[in-house]
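Taking it in order: structure first as structure tokens, then the write-up.
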Amino acid sequence: MSPLKIKVYEEGDSTIWIPVSSRSPEKEARALLPFAGLKGFYKHGFKAASESSPYFKALASIQSAYLRREKKTFRVKVGIETQRRDAWRHGHGQSNSPLLSPTLGWVEVPVKQLMDISPEELAFELESSGEWLVSSKRIQKDPEGPMFRQTVREDRTFQLEFRARALDVWEAKCALSGATCVLEGGSSHKRCRRV
């Protein structure tokens with residue numbers, strides 16, 4: 001099998017490469033997903049000369065800049081700074097939201113499932129594989145059918161923090177068997193399920 005390489009998105013593609021940044025200090029996963037919809041505008045590019053484009057155009061610009069390793073030097077308040085162009089502003093356009101780049105890696109996902117994917121899912125795929133470029137299990141498992149089903153369940157109000165700490169402690173492995181599967185800790189039971 002040939003190594004994966006990201007591709008700049010073109011209209012009509014069935015899959016798309018999504019950049020994923022390292023987790024926030026609060027352990028929140030962060031990826032360039034269409035939180036403002038596909039027609040919403042997203043800030044991207046150099047920190048000192050950012051652009052604002054609809055989702056697919058912004059993503060293609062970031063992909064292209066990543067592949068070309070575009071950097072530029074700017075004079076800023078603190079002196080001279082070299083900046084990357086493959087960056088995006090995380091959040092709904094707030095000026096104080098962090099500028100991110102694909103420091104964790106890239107995940108290839110089906111375009112038709114783009115609105116159903118979470119940053120946590122993408123980060124988990126990269127972290128559990130240990131790779132920089134990952135073709136999503138959504139593509140590998142069943143490209144035509146749904147991967148998830150709706151269920152009713154009750155979660156702790158602190159579930160994300162609990163999960164992040166459990167992954168840190170057990171290094172994304174089952175504490176009993178050492179299996180590398182998704183770990184779910186419930187209030188009355190614990191179980192592992194394969195993804």
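Labels for the structure tokens follow display order: chains A, B, ..., residues from 1 in each chain, ligands from 1.
Using only C-alpha atoms, the residues found no farther than 7 Å from A:Trp132, other than those of its own chain fewer than 5 positions away, are Leu104, Gly105, Trp106 and Leu126 of chain A.
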Shell of 9 Å around A:Asp86, only C-alpha atoms, local chain residues under 3 positions omitted, as a list in words: His44, Gly45, Phe46, Ser61, Ile62, Gln63, Ser64, Ala65, Tyr66, Leu67, Arg69, Glu70, Lys71, Leu100, Ser101 and Pro102 of chain A
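Going from atom CA of A:Lys173 to atom CA of A:Glu121 covers 16.6 Å.
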Residue contacts of A:Ser14 (9 Å, only C-alpha atoms) excluding same-chain residues fewer than 3 positions away, as a list of chain:residue names: A:Glu11, A:Val109, A:Pro110, A:Val111, A:Lys112
Now that the selection is made, can you save its residues with N, CA, C and O atoms as a tab-separated table (two decimals), in the first residue's frame?
chain	number	residue	atom	x	y	z
A	11	GLU	N	-14.14	20.54	-5.93
A	11	GLU	CA	-15.57	20.24	-5.95
A	11	GLU	C	-15.80	18.91	-6.67
A	11	GLU	O	-15.22	18.65	-7.72
A	109	VAL	N	-11.80	12.11	5.41
A	109	VAL	CA	-13.17	11.73	5.76
A	109	VAL	C	-14.08	11.83	4.53
A	109	VAL	O	-13.77	12.57	3.60
A	110	PRO	N	-15.21	11.11	4.52
A	110	PRO	CA	-16.16	11.27	3.42
A	110	PRO	C	-16.81	12.65	3.47
A	110	PRO	O	-17.24	13.10	4.52
A	111	VAL	N	-16.87	13.33	2.33
A	111	VAL	CA	-17.47	14.67	2.27
A	111	VAL	C	-18.92	14.63	2.73
A	111	VAL	O	-19.37	15.51	3.45
A	112	LYS	N	-19.66	13.57	2.36
A	112	LYS	CA	-21.08	13.52	2.70
A	112	LYS	C	-21.32	13.36	4.21
A	112	LYS	O	-22.42	13.59	4.67
Surrounding residues of A:Pro119 excluding itself and chain neighbours under 3 positions, 12 Å, only C-alpha atoms, as an MDAnalysis selection string: chainID A and resid 18:24 27:35 90 104 106:107 109 114:116 122:126
Include N, CA, C and O atoms and write out the residues we just selected as a JSON list (two decimals), in the first residue's frame.
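The resulting result.json:
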[["chain", "number", "residue", "atom", "x", "y", "z"],
["A", 18, "ILE", "N", -8.97, 16.77, 6.50],
["A", 18, "ILE", "CA", -9.25, 17.76, 7.55],
["A", 18, "ILE", "C", -8.01, 17.91, 8.44],
["A", 18, "ILE", "O", -7.49, 16.92, 8.96],
["A", 19, "PRO", "N", -7.53, 19.16, 8.65],
["A", 19, "PRO", "CA", -6.39, 19.36, 9.56],
["A", 19, "PRO", "C", -6.85, 19.32, 11.02],
["A", 19, "PRO", "O", -7.92, 19.81, 11.36],
["A", 20, "VAL", "N", -6.01, 18.70, 11.84],
["A", 20, "VAL", "CA", -6.31, 18.57, 13.28],
["A", 20, "VAL", "C", -5.13, 19.14, 14.05],
["A", 20, "VAL", "O", -3.98, 18.79, 13.80],
["A", 21, "SER", "N", -5.44, 20.04, 14.98],
["A", 21, "SER", "CA", -4.41, 20.66, 15.80],
["A", 21, "SER", "C", -4.24, 19.87, 17.10],
["A", 21, "SER", "O", -5.11, 19.09, 17.48],
["A", 22, "SER", "N", -3.14, 20.09, 17.78],
["A", 22, "SER", "CA", -2.95, 19.48, 19.09],
["A", 22, "SER", "C", -4.07, 19.93, 20.02],
["A", 22, "SER", "O", -4.70, 20.96, 19.80],
["A", 23, "ARG", "N", -4.30, 19.16, 21.05],
["A", 23, "ARG", "CA", -5.38, 19.48, 21.99],
["A", 23, "ARG", "C", -5.12, 20.79, 22.71],
["A", 23, "ARG", "O", -3.98, 21.19, 22.90],
["A", 24, "SER", "N", -6.20, 21.43, 23.12],
["A", 24, "SER", "CA", -6.10, 22.67, 23.89],
["A", 24, "SER", "C", -5.58, 22.33, 25.28],
["A", 24, "SER", "O", -5.56, 21.16, 25.68],
["A", 27, "LYS", "N", -7.58, 20.01, 27.13],
["A", 27, "LYS", "CA", -7.67, 18.69, 26.49],
["A", 27, "LYS", "C", -8.78, 18.60, 25.45],
["A", 27, "LYS", "O", -9.21, 17.52, 25.08],
["A", 28, "GLU", "N", -9.26, 19.75, 24.96],
["A", 28, "GLU", "CA", -10.29, 19.77, 23.94],
["A", 28, "GLU", "C", -9.65, 19.51, 22.58],
["A", 28, "GLU", "O", -8.65, 20.12, 22.23],
["A", 29, "ALA", "N", -10.25, 18.59, 21.81],
["A", 29, "ALA", "CA", -9.77, 18.32, 20.46],
["A", 29, "ALA", "C", -10.17, 19.48, 19.55],
["A", 29, "ALA", "O", -11.24, 20.07, 19.73],
["A", 30, "ARG", "N", -9.30, 19.82, 18.58],
["A", 30, "ARG", "CA", -9.58, 20.95, 17.70],
["A", 30, "ARG", "C", -9.25, 20.58, 16.26],
["A", 30, "ARG", "O", -8.16, 20.07, 15.98],
["A", 31, "ALA", "N", -10.21, 20.81, 15.36],
["A", 31, "ALA", "CA", -10.02, 20.51, 13.94],
["A", 31, "ALA", "C", -10.80, 21.54, 13.13],
["A", 31, "ALA", "O", -11.75, 22.15, 13.64],
["A", 32, "LEU", "N", -10.40, 21.73, 11.88],
["A", 32, "LEU", "CA", -11.13, 22.67, 11.02],
["A", 32, "LEU", "C", -12.35, 21.97, 10.44],
["A", 32, "LEU", "O", -12.29, 21.35, 9.38],
["A", 33, "LEU", "N", -13.44, 22.03, 11.16],
["A", 33, "LEU", "CA", -14.72, 21.48, 10.73],
["A", 33, "LEU", "C", -15.70, 22.63, 10.51],
["A", 33, "LEU", "O", -15.51, 23.72, 11.07],
["A", 34, "PRO", "N", -16.76, 22.43, 9.73],
["A", 34, "PRO", "CA", -17.68, 23.54, 9.39],
["A", 34, "PRO", "C", -18.64, 23.92, 10.51],
["A", 34, "PRO", "O", -19.84, 23.75, 10.40],
["A", 35, "PHE", "N", -18.10, 24.46, 11.62],
["A", 35, "PHE", "CA", -18.93, 24.86, 12.76],
["A", 35, "PHE", "C", -19.88, 26.00, 12.40],
["A", 35, "PHE", "O", -20.92, 26.15, 13.02],
["A", 90, "HIS", "N", -9.51, 29.28, 15.32],
["A", 90, "HIS", "CA", -10.45, 28.36, 15.97],
["A", 90, "HIS", "C", -11.54, 29.15, 16.68],
["A", 90, "HIS", "O", -11.25, 30.06, 17.44],
["A", 104, "LEU", "N", -1.28, 18.07, 14.93],
["A", 104, "LEU", "CA", -1.54, 16.67, 15.26],
["A", 104, "LEU", "C", -1.56, 15.81, 14.00],
["A", 104, "LEU", "O", -1.14, 14.67, 14.01],
["A", 106, "TRP", "N", -3.59, 15.01, 9.86],
["A", 106, "TRP", "CA", -4.69, 15.15, 8.91],
["A", 106, "TRP", "C", -5.49, 13.86, 8.88],
["A", 106, "TRP", "O", -4.92, 12.78, 8.93],
["A", 107, "VAL", "N", -6.82, 13.99, 8.76],
["A", 107, "VAL", "CA", -7.69, 12.81, 8.64],
["A", 107, "VAL", "C", -8.53, 12.96, 7.38],
["A", 107, "VAL", "O", -9.15, 14.01, 7.16],
["A", 109, "VAL", "N", -11.80, 12.11, 5.41],
["A", 109, "VAL", "CA", -13.17, 11.73, 5.76],
["A", 109, "VAL", "C", -14.08, 11.83, 4.53],
["A", 109, "VAL", "O", -13.77, 12.57, 3.60],
["A", 114, "LEU", "N", -19.30, 15.01, 6.47],
["A", 114, "LEU", "CA", -18.54, 16.11, 7.06],
["A", 114, "LEU", "C", -19.26, 16.80, 8.21],
["A", 114, "LEU", "O", -18.66, 17.14, 9.22],
["A", 115, "MET", "N", -20.57, 16.98, 8.08],
["A", 115, "MET", "CA", -21.33, 17.70, 9.11],
["A", 115, "MET", "C", -21.59, 16.84, 10.35],
["A", 115, "MET", "O", -22.03, 17.34, 11.37],
["A", 116, "ASP", "N", -21.34, 15.53, 10.27],
["A", 116, "ASP", "CA", -21.61, 14.62, 11.39],
["A", 116, "ASP", "C", -20.36, 14.26, 12.19],
["A", 116, "ASP", "O", -20.43, 13.49, 13.13],
["A", 122, "LEU", "N", -11.85, 12.88, 15.16],
["A", 122, "LEU", "CA", -10.67, 13.01, 14.32],
["A", 122, "LEU", "C", -9.39, 12.91, 15.14],
["A", 122, "LEU", "O", -8.44, 12.22, 14.75],
["A", 123, "ALA", "N", -9.36, 13.58, 16.29],
["A", 123, "ALA", "CA", -8.18, 13.53, 17.15],
["A", 123, "ALA", "C", -7.94, 12.10, 17.63],
["A", 123, "ALA", "O", -6.80, 11.62, 17.67],
["A", 124, "PHE", "N", -9.01, 11.41, 18.01],
["A", 124, "PHE", "CA", -8.87, 10.03, 18.49],
["A", 124, "PHE", "C", -8.29, 9.13, 17.40],
["A", 124, "PHE", "O", -7.44, 8.29, 17.67],
["A", 125, "GLU", "N", -8.75, 9.30, 16.15],
["A", 125, "GLU", "CA", -8.22, 8.47, 15.06],
["A", 125, "GLU", "C", -6.72, 8.68, 14.89],
["A", 125, "GLU", "O", -5.98, 7.72, 14.68],
["A", 126, "LEU", "N", -6.26, 9.93, 14.98],
["A", 126, "LEU", "CA", -4.83, 10.21, 14.85],
["A", 126, "LEU", "C", -4.06, 9.68, 16.06],
["A", 126, "LEU", "O", -3.03, 9.03, 15.92]]
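Relative to atom CA of A:Glu127, atom CA of A:Phe56 is found at 25.2 Å.
Our summary of the geometry notes that atom CA of A:Gln83 is positioned 25.9 Å from atom CA of A:Glu10.
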Residues of stretch 52-121 of chain A in helix (DSSP H, G or I), written as a VMD selection string: chain A and resid 55 to 68 111 to 116 119 to 121
Requested write-out: N, CA, C and O atoms of the selected residues, as an mmCIF file, in the first residue's frame:
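Result file follows (selection-v3.cif):
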data_model
loop_
_atom_site.group_PDB
_atom_site.id
_atom_site.type_symbol
_atom_site.label_atom_id
_atom_site.label_comp_id
_atom_site.auth_asym_id
_atom_site.auth_seq_id
_atom_site.Cartn_x
_atom_site.Cartn_y
_atom_site.Cartn_z
ATOM 1 N N TYR A 55 -16.139 27.839 3.774
ATOM 2 C CA TYR A 55 -15.459 26.654 4.315
ATOM 3 C C TYR A 55 -14.558 25.945 3.306
ATOM 4 O O TYR A 55 -13.371 25.762 3.556
ATOM 5 N N PHE A 56 -15.098 25.490 2.182
ATOM 6 C CA PHE A 56 -14.297 24.688 1.254
ATOM 7 C C PHE A 56 -13.121 25.476 0.677
ATOM 8 O O PHE A 56 -12.037 24.933 0.480
ATOM 9 N N LYS A 57 -13.311 26.765 0.429
ATOM 10 C CA LYS A 57 -12.215 27.592 -0.088
ATOM 11 C C LYS A 57 -11.140 27.776 0.986
ATOM 12 O O LYS A 57 -9.943 27.710 0.689
ATOM 13 N N ALA A 58 -11.560 28.015 2.224
ATOM 14 C CA ALA A 58 -10.598 28.154 3.322
ATOM 15 C C ALA A 58 -9.807 26.866 3.510
ATOM 16 O O ALA A 58 -8.581 26.890 3.645
ATOM 17 N N LEU A 59 -10.512 25.734 3.503
ATOM 18 C CA LEU A 59 -9.845 24.444 3.689
ATOM 19 C C LEU A 59 -8.858 24.162 2.557
ATOM 20 O O LEU A 59 -7.725 23.745 2.801
ATOM 21 N N ALA A 60 -9.256 24.411 1.313
ATOM 22 C CA ALA A 60 -8.356 24.188 0.171
ATOM 23 C C ALA A 60 -7.116 25.079 0.267
ATOM 24 O O ALA A 60 -6.005 24.655 -0.062
ATOM 25 N N SER A 61 -7.290 26.304 0.734
ATOM 26 C CA SER A 61 -6.160 27.218 0.905
ATOM 27 C C SER A 61 -5.186 26.687 1.955
ATOM 28 O O SER A 61 -3.959 26.717 1.760
ATOM 29 N N ILE A 62 -5.717 26.176 3.057
ATOM 30 C CA ILE A 62 -4.877 25.616 4.121
ATOM 31 C C ILE A 62 -4.155 24.364 3.628
ATOM 32 O O ILE A 62 -2.958 24.182 3.874
ATOM 33 N N GLN A 63 -4.871 23.494 2.899
ATOM 34 C CA GLN A 63 -4.254 22.285 2.355
ATOM 35 C C GLN A 63 -3.118 22.636 1.397
ATOM 36 O O GLN A 63 -2.025 22.066 1.470
ATOM 37 N N SER A 64 -3.369 23.584 0.501
ATOM 38 C CA SER A 64 -2.365 24.003 -0.470
ATOM 39 C C SER A 64 -1.145 24.607 0.227
ATOM 40 O O SER A 64 0.006 24.290 -0.109
ATOM 41 N N ALA A 65 -1.380 25.473 1.210
ATOM 42 C CA ALA A 65 -0.278 26.097 1.946
ATOM 43 C C ALA A 65 0.539 25.051 2.700
ATOM 44 O O ALA A 65 1.768 25.146 2.782
ATOM 45 N N TYR A 66 -0.143 24.031 3.240
ATOM 46 C CA TYR A 66 0.550 22.947 3.953
ATOM 47 C C TYR A 66 1.462 22.172 2.991
ATOM 48 O O TYR A 66 2.622 21.913 3.294
ATOM 49 N N LEU A 67 0.914 21.812 1.832
ATOM 50 C CA LEU A 67 1.693 21.035 0.864
ATOM 51 C C LEU A 67 2.897 21.819 0.345
ATOM 52 O O LEU A 67 3.952 21.258 0.086
ATOM 53 N N ARG A 68 2.736 23.142 0.189
ATOM 54 C CA ARG A 68 3.839 23.986 -0.298
ATOM 55 C C ARG A 68 4.725 24.502 0.832
ATOM 56 O O ARG A 68 5.703 25.206 0.578
ATOM 57 N N VAL A 111 -16.874 13.332 2.325
ATOM 58 C CA VAL A 111 -17.472 14.666 2.265
ATOM 59 C C VAL A 111 -18.921 14.632 2.727
ATOM 60 O O VAL A 111 -19.369 15.510 3.453
ATOM 61 N N LYS A 112 -19.659 13.573 2.357
ATOM 62 C CA LYS A 112 -21.084 13.518 2.703
ATOM 63 C C LYS A 112 -21.316 13.360 4.205
ATOM 64 O O LYS A 112 -22.423 13.587 4.675
ATOM 65 N N GLN A 113 -20.285 13.007 4.969
ATOM 66 C CA GLN A 113 -20.428 12.863 6.421
ATOM 67 C C GLN A 113 -19.756 14.007 7.185
ATOM 68 O O GLN A 113 -19.681 13.986 8.407
ATOM 69 N N LEU A 114 -19.302 15.015 6.472
ATOM 70 C CA LEU A 114 -18.536 16.111 7.060
ATOM 71 C C LEU A 114 -19.264 16.799 8.213
ATOM 72 O O LEU A 114 -18.661 17.144 9.221
ATOM 73 N N MET A 115 -20.571 16.983 8.080
ATOM 74 C CA MET A 115 -21.333 17.700 9.110
ATOM 75 C C MET A 115 -21.594 16.839 10.353
ATOM 76 O O MET A 115 -22.029 17.344 11.375
ATOM 77 N N ASP A 116 -21.340 15.532 10.274
ATOM 78 C CA ASP A 116 -21.607 14.618 11.390
ATOM 79 C C ASP A 116 -20.364 14.264 12.190
ATOM 80 O O ASP A 116 -20.433 13.485 13.125
ATOM 81 N N PRO A 119 -14.518 17.023 16.236
ATOM 82 C CA PRO A 119 -13.059 17.137 16.395
ATOM 83 C C PRO A 119 -12.505 16.005 17.260
ATOM 84 O O PRO A 119 -11.407 15.507 17.008
ATOM 85 N N GLU A 120 -13.271 15.569 18.261
ATOM 86 C CA GLU A 120 -12.828 14.485 19.147
ATOM 87 C C GLU A 120 -12.614 13.186 18.359
ATOM 88 O O GLU A 120 -11.646 12.467 18.572
ATOM 89 N N GLU A 121 -13.528 12.890 17.445
ATOM 90 C CA GLU A 121 -13.398 11.680 16.623
ATOM 91 C C GLU A 121 -12.125 11.730 15.785
ATOM 92 O O GLU A 121 -11.381 10.752 15.704
#
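Counting only C-alpha atoms and comparing A:Ala179, A:Leu133, A:Ala49, A:Tyr42, the residue that lies closest to A:Phe74 is A:Ala49.
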